[in-house]
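A short worksheet on the structure shown next.
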Amino acid sequence: MRTVHRSAPPGAVAVIGAGWAGASAAHELRRLGRPVHVFESAPVIGGHSRSEVLRGVVYEPNGPHIFHTSNPEVARLVRQHGMTRSYRHQVLTEAYLHEDDETPHLLSWPPQVAELRELPVWPRVEAELARRPRTPSRANLEDYCISIMGRTLYEVFVRDYTEKQWGRKGAELSWEFAPGRLELREDGYRRLFRDTWEFFPSHGAAPVIESLLADVPVTVGARMGVTDLADLSRHYTAVVVTAPLDEFAGRPGELAWRGVRSESRYLPDYGTAATATPAYVVNRPSHRVPYTRTVETKHASGQHAQGTVVSHEYPGADSRHYPVPTPDRRYELRNEALKKDIRDLSLVPVHFCGRLATYSYINQDRAIEQGLACAREVAAGSAVTRPGASASP
Ligand SMILES: O=c1ccn([C@@H]2O[C@H](COP(=O)(O)OP(=O)(O)O[C@H]3O[C@@H]([C@H](O)CO)[C@H](O)[C@H]3O)[C@@H](O)[C@H]2O)c(=O)[nH]1
């Protein structure tokens, strides 16, 4: 146990984690008049969405993060904090349509019927599409995909990418994350997202998250866990946790996570407006390369800078980026049990929000929605006094 914040004012709330969920919870609590202190285990704020700068070029050390939402409140909030540059994300994919192809086709992702019609593989694909069931399968990810796009397209675009990304076969994963992420495009719509608002700020997400936390005291490099709860309970009236709960509870290994490692290189020989790859994100679904995608953020930031940064994304790192969506939901259930155990060890209410603490495969806008909801729950539910403290000065 250690002393975390002896001078917290009455009614103060501790927020664990300074990614989207923690930053929006802290910002909203401040707006509602509650004192807040944020504790972040990393040496910098921003979580996995954080952008960084390499030799003057904005890049994303934890993979591509395009901000998209149809929630007007979330759009308004991020706009107020500098997320004002509109962006329209279109993804390419390198598809080997036959096992013995030596060079790939550079096609759209998600697969587009209009493009596929022009290729020799189309008659086989067309015959498979004609046999699709009326309602998609819900057995697992593989069956879901085959039921919406047929086996050939599944094998070309999804099977190997999914095995690389998750370290498991599609049949071992839940279908539930696929709607909205995996589809066959028959309407010719080329953008990846269908949300009302889509942004990519010129300097990446980091300055936006920093702006949300501008009025909030933050301690970086402070890894909090259950052993700190007694001390936190003495100084704060509520705790908001956005950290992964197996780590927070000191029980690593109870939840299954998939980590990714981005290998980023600065390439000096590109002029201020030049880029090295054909698109911001180029998916590499084949097992012929060990990475899943190539990312060049300069396409999205529109930054004018000498040189560019290209990243290759390798799944399987020892980090907590993605909850693994198994069909039996065993890890979601364990996460609920961890929540209960953590609450039992605290004298003040503990709230959970964000992708890591809720163990759910959500996008950035949903993490913000959860952060705002958590802050309102805290403000509505927790007393302004903490146990043993006096309400009046
Ligand atoms: O070529 C592909 C691409 C994807 N899959 C399968 O879909 C899963 C989800 O992929 P995606 O939503 O692209 O991945 P992620 O959650 O990392 O999304 C982030 O990336 C960007 C953007 O989508 C990049 O273009 C977005 O901002 C973030 O949400 C994947 O795991 C595969 O199972 C596939 O099979 N083949």
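In the structure tokens, chains take the letters A, B, ... in the order shown, each chain's residues start at 1, and ligands count up from 1 in the order shown.
Pocket residues of ligand 1, taken as those with any atom at most 7 Å away using only C-alpha atoms and all ligand atoms, are Gly63, Pro64, His65, Ile66, Phe67, Val91, Thr93, Trp109, Phe157, Val158, Arg159, Tyr161, Thr162, Gln165, Trp166, Ala178, Arg181, Leu182, Val281, Asn283, Arg284, Pro285 and Asn363 of chain A.
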Check segment 128-271 of chain A with DSSP on the backbone and list each residue it calls strand (DSSP E), as a ChimeraX atom specification. /A:197-199,218-220,238-241,257-267
Please save N, CA and C atoms of the selected residues as a PDB file, in the first residue's frame.
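Result written to result30.pdb:
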```
ATOM      1  N   TRP A 197     -20.151  11.121 -38.725  1.00  0.00           N
ATOM      2  CA  TRP A 197     -18.941  11.949 -38.615  1.00  0.00           C
ATOM      3  C   TRP A 197     -17.714  11.060 -38.631  1.00  0.00           C
ATOM      4  N   GLU A 198     -16.690  11.540 -39.311  1.00  0.00           N
ATOM      5  CA  GLU A 198     -15.429  10.814 -39.359  1.00  0.00           C
ATOM      6  C   GLU A 198     -14.306  11.848 -39.378  1.00  0.00           C
ATOM      7  N   PHE A 199     -13.333  11.686 -38.490  1.00  0.00           N
ATOM      8  CA  PHE A 199     -12.262  12.687 -38.380  1.00  0.00           C
ATOM      9  C   PHE A 199     -10.896  12.027 -38.365  1.00  0.00           C
ATOM     10  N   VAL A 218      -3.013  15.011 -13.466  1.00  0.00           N
ATOM     11  CA  VAL A 218      -2.737  13.637 -13.905  1.00  0.00           C
ATOM     12  C   VAL A 218      -1.377  13.218 -13.357  1.00  0.00           C
ATOM     13  N   THR A 219      -1.300  12.025 -12.784  1.00  0.00           N
ATOM     14  CA  THR A 219      -0.003  11.459 -12.407  1.00  0.00           C
ATOM     15  C   THR A 219       0.309  10.349 -13.394  1.00  0.00           C
ATOM     16  N   VAL A 220       1.376  10.521 -14.171  1.00  0.00           N
ATOM     17  CA  VAL A 220       1.756   9.454 -15.108  1.00  0.00           C
ATOM     18  C   VAL A 220       2.769   8.530 -14.445  1.00  0.00           C
ATOM     19  N   ALA A 238     -15.092   8.096  -4.932  1.00  0.00           N
ATOM     20  CA  ALA A 238     -15.405   7.055  -5.921  1.00  0.00           C
ATOM     21  C   ALA A 238     -14.161   6.815  -6.765  1.00  0.00           C
ATOM     22  N   VAL A 239     -14.116   5.628  -7.367  1.00  0.00           N
ATOM     23  CA  VAL A 239     -12.987   5.278  -8.232  1.00  0.00           C
ATOM     24  C   VAL A 239     -13.564   4.825  -9.577  1.00  0.00           C
ATOM     25  N   VAL A 240     -12.998   5.347 -10.671  1.00  0.00           N
ATOM     26  CA  VAL A 240     -13.383   4.906 -12.019  1.00  0.00           C
ATOM     27  C   VAL A 240     -12.192   4.148 -12.590  1.00  0.00           C
ATOM     28  N   VAL A 241     -12.407   2.873 -12.927  1.00  0.00           N
ATOM     29  CA  VAL A 241     -11.302   2.051 -13.437  1.00  0.00           C
ATOM     30  C   VAL A 241     -11.481   1.838 -14.940  1.00  0.00           C
ATOM     31  N   TRP A 257      -6.056 -11.912 -23.895  1.00  0.00           N
ATOM     32  CA  TRP A 257      -5.866 -10.677 -24.663  1.00  0.00           C
ATOM     33  C   TRP A 257      -5.036 -10.974 -25.900  1.00  0.00           C
ATOM     34  N   ARG A 258      -5.215 -10.159 -26.918  1.00  0.00           N
ATOM     35  CA  ARG A 258      -4.354 -10.236 -28.090  1.00  0.00           C
ATOM     36  C   ARG A 258      -3.645  -8.899 -28.211  1.00  0.00           C
ATOM     37  N   GLY A 259      -2.329  -8.936 -28.237  1.00  0.00           N
ATOM     38  CA  GLY A 259      -1.548  -7.708 -28.377  1.00  0.00           C
ATOM     39  C   GLY A 259      -1.014  -7.571 -29.786  1.00  0.00           C
ATOM     40  N   VAL A 260      -0.754  -6.348 -30.205  1.00  0.00           N
ATOM     41  CA  VAL A 260      -0.115  -6.130 -31.505  1.00  0.00           C
ATOM     42  C   VAL A 260       1.134  -5.272 -31.296  1.00  0.00           C
ATOM     43  N   ARG A 261       2.094  -5.481 -32.181  1.00  0.00           N
ATOM     44  CA  ARG A 261       3.326  -4.696 -32.131  1.00  0.00           C
ATOM     45  C   ARG A 261       3.474  -4.035 -33.490  1.00  0.00           C
ATOM     46  N   SER A 262       3.638  -2.701 -33.483  1.00  0.00           N
ATOM     47  CA  SER A 262       3.838  -1.996 -34.750  1.00  0.00           C
ATOM     48  C   SER A 262       5.311  -1.714 -34.916  1.00  0.00           C
ATOM     49  N   GLU A 263       5.824  -2.088 -36.074  1.00  0.00           N
ATOM     50  CA  GLU A 263       7.228  -1.763 -36.366  1.00  0.00           C
ATOM     51  C   GLU A 263       7.212  -0.577 -37.314  1.00  0.00           C
ATOM     52  N   SER A 264       7.684   0.578 -36.838  1.00  0.00           N
ATOM     53  CA  SER A 264       7.560   1.814 -37.629  1.00  0.00           C
ATOM     54  C   SER A 264       8.931   2.296 -38.078  1.00  0.00           C
ATOM     55  N   ARG A 265       8.992   2.705 -39.349  1.00  0.00           N
ATOM     56  CA  ARG A 265      10.276   3.212 -39.874  1.00  0.00           C
ATOM     57  C   ARG A 265      10.066   4.561 -40.518  1.00  0.00           C
ATOM     58  N   TYR A 266      10.977   5.468 -40.233  1.00  0.00           N
ATOM     59  CA  TYR A 266      10.967   6.773 -40.907  1.00  0.00           C
ATOM     60  C   TYR A 266      11.682   6.608 -42.242  1.00  0.00           C
ATOM     61  N   LEU A 267      11.032   7.031 -43.329  1.00  0.00           N
ATOM     62  CA  LEU A 267      11.640   6.961 -44.661  1.00  0.00           C
ATOM     63  C   LEU A 267      11.890   8.398 -45.121  1.00  0.00           C
TER      64      LEU A 267
END
```
Between atom CA of Leu356 of chain A and atom CA of Glu332 of chain A, distance in Å (one decimal): 11.3 Å
Sorted per-residue table, segment 48-143 of chain A near segment 304-320 of chain A, closest atoms and distance, 10 Å, only C-alpha atoms, as CSV:
```
residue,atom,partner,partner_atom,distance
A:His48,CA,A:Arg320,CA,9.6
A:Val53,CA,A:Val309,CA,9.3
A:Leu54,CA,A:Val309,CA,7.5
A:Arg55,CA,A:Gly307,CA,8.3
A:Gly56,CA,A:Ala305,CA,6.7
A:Val57,CA,A:Ala305,CA,6.2
A:Val58,CA,A:Val309,CA,7.8
A:Tyr59,CA,A:Val309,CA,6.5
A:Glu60,CA,A:Ser311,CA,8.3
A:Pro61,CA,A:Ser311,CA,8.0
A:Asn62,CA,A:Glu313,CA,8.5
A:Gly63,CA,A:Glu313,CA,6.9
A:Pro64,CA,A:Glu313,CA,9.6
```
Need to verify the contact set: Ser233 of chain A, 9 Å, only C-alpha atoms, exclusion of same-chain residues closer than 2 positions in sequence. Can you return it as a PyMOL selection string? chain A and resi 228-231+235-239+346-349+386-387
How about saving the chosen residues, N, CA, C and O atoms kept, as an mmCIF file, in the first residue's frame?
```cif
data_model
loop_
_atom_site.group_PDB
_atom_site.id
_atom_site.type_symbol
_atom_site.label_atom_id
_atom_site.label_comp_id
_atom_site.auth_asym_id
_atom_site.auth_seq_id
_atom_site.Cartn_x
_atom_site.Cartn_y
_atom_site.Cartn_z
ATOM 1 N N ASP A 228 -4.004 -0.816 -3.894
ATOM 2 C CA ASP A 228 -4.110 0.631 -3.634
ATOM 3 C C ASP A 228 -5.527 1.044 -3.246
ATOM 4 O O ASP A 228 -5.760 2.209 -2.909
ATOM 5 N N LEU A 229 -6.489 0.105 -3.314
ATOM 6 C CA LEU A 229 -7.895 0.500 -3.118
ATOM 7 C C LEU A 229 -8.177 1.052 -1.720
ATOM 8 O O LEU A 229 -8.943 2.009 -1.566
ATOM 9 N N ALA A 230 -7.530 0.458 -0.706
ATOM 10 C CA ALA A 230 -7.792 0.930 0.661
ATOM 11 C C ALA A 230 -7.363 2.390 0.779
ATOM 12 O O ALA A 230 -8.110 3.239 1.301
ATOM 13 N N ASP A 231 -6.186 2.690 0.245
ATOM 14 C CA ASP A 231 -5.676 4.055 0.312
ATOM 15 C C ASP A 231 -6.539 5.009 -0.540
ATOM 16 O O ASP A 231 -6.903 6.106 -0.100
ATOM 17 N N HIS A 235 -9.105 8.629 0.359
ATOM 18 C CA HIS A 235 -8.914 9.975 -0.195
ATOM 19 C C HIS A 235 -9.939 10.384 -1.252
ATOM 20 O O HIS A 235 -10.052 11.567 -1.569
ATOM 21 N N TYR A 236 -10.643 9.396 -1.804
ATOM 22 C CA TYR A 236 -11.580 9.701 -2.893
ATOM 23 C C TYR A 236 -12.954 9.130 -2.563
ATOM 24 O O TYR A 236 -13.054 8.107 -1.886
ATOM 25 N N THR A 237 -14.006 9.774 -3.122
ATOM 26 C CA THR A 237 -15.364 9.290 -2.830
ATOM 27 C C THR A 237 -15.816 8.226 -3.831
ATOM 28 O O THR A 237 -16.837 7.572 -3.621
ATOM 29 N N ALA A 238 -15.092 8.096 -4.932
ATOM 30 C CA ALA A 238 -15.405 7.055 -5.921
ATOM 31 C C ALA A 238 -14.161 6.815 -6.765
ATOM 32 O O ALA A 238 -13.279 7.674 -6.854
ATOM 33 N N VAL A 239 -14.116 5.628 -7.367
ATOM 34 C CA VAL A 239 -12.987 5.278 -8.232
ATOM 35 C C VAL A 239 -13.564 4.825 -9.577
ATOM 36 O O VAL A 239 -14.515 4.046 -9.619
ATOM 37 N N SER A 346 -13.253 -2.546 -2.030
ATOM 38 C CA SER A 346 -13.222 -1.083 -1.923
ATOM 39 C C SER A 346 -14.281 -0.584 -0.941
ATOM 40 O O SER A 346 -15.382 -1.133 -0.874
ATOM 41 N N LEU A 347 -13.942 0.479 -0.224
ATOM 42 C CA LEU A 347 -14.911 1.072 0.707
ATOM 43 C C LEU A 347 -15.778 2.116 0.002
ATOM 44 O O LEU A 347 -16.767 2.591 0.551
ATOM 45 N N VAL A 348 -15.363 2.534 -1.206
ATOM 46 C CA VAL A 348 -16.150 3.527 -1.958
ATOM 47 C C VAL A 348 -16.597 2.884 -3.278
ATOM 48 O O VAL A 348 -16.014 1.877 -3.701
ATOM 49 N N PRO A 349 -17.616 3.436 -3.948
ATOM 50 C CA PRO A 349 -18.079 2.816 -5.200
ATOM 51 C C PRO A 349 -16.976 2.787 -6.269
ATOM 52 O O PRO A 349 -16.219 3.737 -6.413
ATOM 53 N N ARG A 386 -16.263 11.369 1.682
ATOM 54 C CA ARG A 386 -15.716 10.023 1.675
ATOM 55 C C ARG A 386 -15.818 9.464 3.098
ATOM 56 O O ARG A 386 -15.964 10.235 4.047
ATOM 57 N N PRO A 387 -15.738 8.130 3.259
ATOM 58 C CA PRO A 387 -15.894 7.553 4.591
ATOM 59 C C PRO A 387 -14.918 8.198 5.578
ATOM 60 O O PRO A 387 -13.740 8.343 5.277
#
```
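Here the question is which of A:Glu94, A:Trp20, A:Ala373, A:Arg85 gets nearest to Thr294 of chain A using only C-alpha atoms, and that residue is A:Glu94.
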Produce a table with one row for each residue of segment 281-389 of chain A that has an atom at most 12 Å from any atom of segment 205-212 of chain A, each row naming the nearest atom pair and its distance in Å at one decimal; use only C-alpha atoms; arrange rows by chain and rising residue number; format as JSON lines.
```
{"residue": "A:Thr297", "atom": "CA", "partner": "A:Ala205", "partner_atom": "CA", "distance": 11.6}
{"residue": "A:Ala300", "atom": "CA", "partner": "A:Ala205", "partner_atom": "CA", "distance": 11.9}
{"residue": "A:Ser301", "atom": "CA", "partner": "A:Ala205", "partner_atom": "CA", "distance": 10.3}
{"residue": "A:Gln364", "atom": "CA", "partner": "A:Ala205", "partner_atom": "CA", "distance": 10.5}
{"residue": "A:Ile368", "atom": "CA", "partner": "A:Ile209", "partner_atom": "CA", "distance": 10.8}
{"residue": "A:Gly371", "atom": "CA", "partner": "A:Leu212", "partner_atom": "CA", "distance": 11.9}
```
Output the selection as a JSON list (two decimals), in the first residue's frame - all heavy atoms for each residue.
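Dumped to result10.json:
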```
[["chain", "number", "residue", "atom", "x", "y", "z"],
["A", 297, "THR", "N", 0.23, 6.82, -41.78],
["A", 297, "THR", "CA", -0.71, 7.81, -41.24],
["A", 297, "THR", "C", -0.68, 9.13, -42.02],
["A", 297, "THR", "O", -1.67, 9.87, -42.01],
["A", 297, "THR", "CB", -0.40, 8.03, -39.74],
["A", 297, "THR", "OG1", -0.46, 6.75, -39.10],
["A", 297, "THR", "CG2", -1.40, 8.94, -39.06],
["A", 300, "ALA", "N", -3.70, 10.06, -43.91],
["A", 300, "ALA", "CA", -4.88, 10.50, -43.16],
["A", 300, "ALA", "C", -4.68, 11.86, -42.52],
["A", 300, "ALA", "O", -5.61, 12.68, -42.47],
["A", 300, "ALA", "CB", -5.23, 9.48, -42.09],
["A", 301, "SER", "N", -3.48, 12.13, -42.02],
["A", 301, "SER", "CA", -3.25, 13.40, -41.32],
["A", 301, "SER", "C", -3.17, 14.56, -42.30],
["A", 301, "SER", "O", -3.39, 15.70, -41.94],
["A", 301, "SER", "CB", -1.95, 13.33, -40.51],
["A", 301, "SER", "OG", -0.85, 13.24, -41.40],
["A", 364, "GLN", "N", -13.55, 3.83, -30.50],
["A", 364, "GLN", "CA", -13.22, 4.99, -29.66],
["A", 364, "GLN", "C", -14.47, 5.76, -29.22],
["A", 364, "GLN", "O", -14.55, 6.22, -28.07],
["A", 364, "GLN", "CB", -12.31, 5.93, -30.43],
["A", 364, "GLN", "CG", -10.99, 5.29, -30.84],
["A", 364, "GLN", "CD", -10.25, 6.13, -31.85],
["A", 364, "GLN", "OE1", -9.39, 6.93, -31.49],
["A", 364, "GLN", "NE2", -10.57, 5.98, -33.12],
["A", 368, "ILE", "N", -15.78, 6.70, -25.34],
["A", 368, "ILE", "CA", -16.14, 8.04, -24.83],
["A", 368, "ILE", "C", -17.54, 8.02, -24.23],
["A", 368, "ILE", "O", -17.78, 8.55, -23.14],
["A", 368, "ILE", "CB", -16.02, 9.09, -25.95],
["A", 368, "ILE", "CG1", -14.55, 9.24, -26.35],
["A", 368, "ILE", "CG2", -16.62, 10.43, -25.52],
["A", 368, "ILE", "CD1", -14.30, 10.23, -27.47],
["A", 371, "GLY", "N", -17.32, 6.54, -20.93],
["A", 371, "GLY", "CA", -16.67, 7.45, -19.98],
["A", 371, "GLY", "C", -17.65, 8.50, -19.47],
["A", 371, "GLY", "O", -17.72, 8.79, -18.27]]
```
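Nearest residue to Ala26 of chain A, choosing from A:Arg223, A:Val13, A:Thr69, A:Cys353 and counting only C-alpha atoms: A:Val13.
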Would you please give, as an MDAnalysis selection string, all residues of segment 73-298 of chain A that DSSP assigns to helix (DSSP H, G or I) based on the backbone? chainID A and resid 73:80 113:116 122:130 141:166 170:172 206:212 226:235 245:248 298
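Closest approach to Val78 of chain A from the set A:Ala14, A:Ala23, A:Glu183, A:Tyr154 is made by A:Ala23, with distances taken over only C-alpha atoms.
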Distance in Å - atom CA of Glu155 of chain A versus atom CA of Arg134 of chain A: 21.0 Å
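Of the residues listed (A:Thr152, A:Thr196, A:Ser147, A:Ser49), A:Thr152 shows the shortest atom-to-atom separation from Arg124 of chain A; distances use only C-alpha atoms.
Nearest to Ala95 of chain A of all the residues A:Val44, A:Met83, A:Val282, A:Leu232 is A:Val282, counting only C-alpha atoms.
Across the model, the gap from atom CA of Asp187 of chain A to atom CA of Glu118 of chain A is 15.8 Å.
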Please identify all polymer residues within 12 Å of Phe352 of chain A, counting only C-alpha atoms, omitting same-chain residues fewer than 4 positions from it, and present them as a VMD selection string. chain A and resid 14 to 17 21 to 22 25 238 to 245 248 335 to 336 338 to 340 342 to 343 356 to 360 367 370 to 375 377 to 378
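For the residues A:Asp269, A:Glu296, A:Asp195, A:Glu254, ranking by smallest atom-to-atom distance to Ala75 of chain A using only C-alpha atoms places A:Asp195 first.
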With only C-alpha atoms as the counted atoms, please give the residues lying no more than 9 Å from Lys169 of chain A, apart from itself and same-chain residues fewer than 5 positions off, as a list in words. Leu141, Glu142, Arg159, Asp160, Thr162, Glu163 and Lys164 of chain A
Any chance you can output those residues with C-alpha atoms as a PDB file, in the first residue's frame?
```
ATOM      1  CA  LEU A 141     -16.985 -16.175 -37.109  1.00  0.00           C
ATOM      2  CA  GLU A 142     -16.057 -18.578 -39.924  1.00  0.00           C
ATOM      3  CA  ARG A 159      -9.394 -16.714 -43.020  1.00  0.00           C
ATOM      4  CA  ASP A 160      -5.634 -16.100 -42.823  1.00  0.00           C
ATOM      5  CA  THR A 162      -8.081 -13.623 -38.810  1.00  0.00           C
ATOM      6  CA  GLU A 163      -5.701 -16.445 -37.874  1.00  0.00           C
ATOM      7  CA  LYS A 164      -2.786 -14.013 -37.814  1.00  0.00           C
TER       8      LYS A 164
END
```
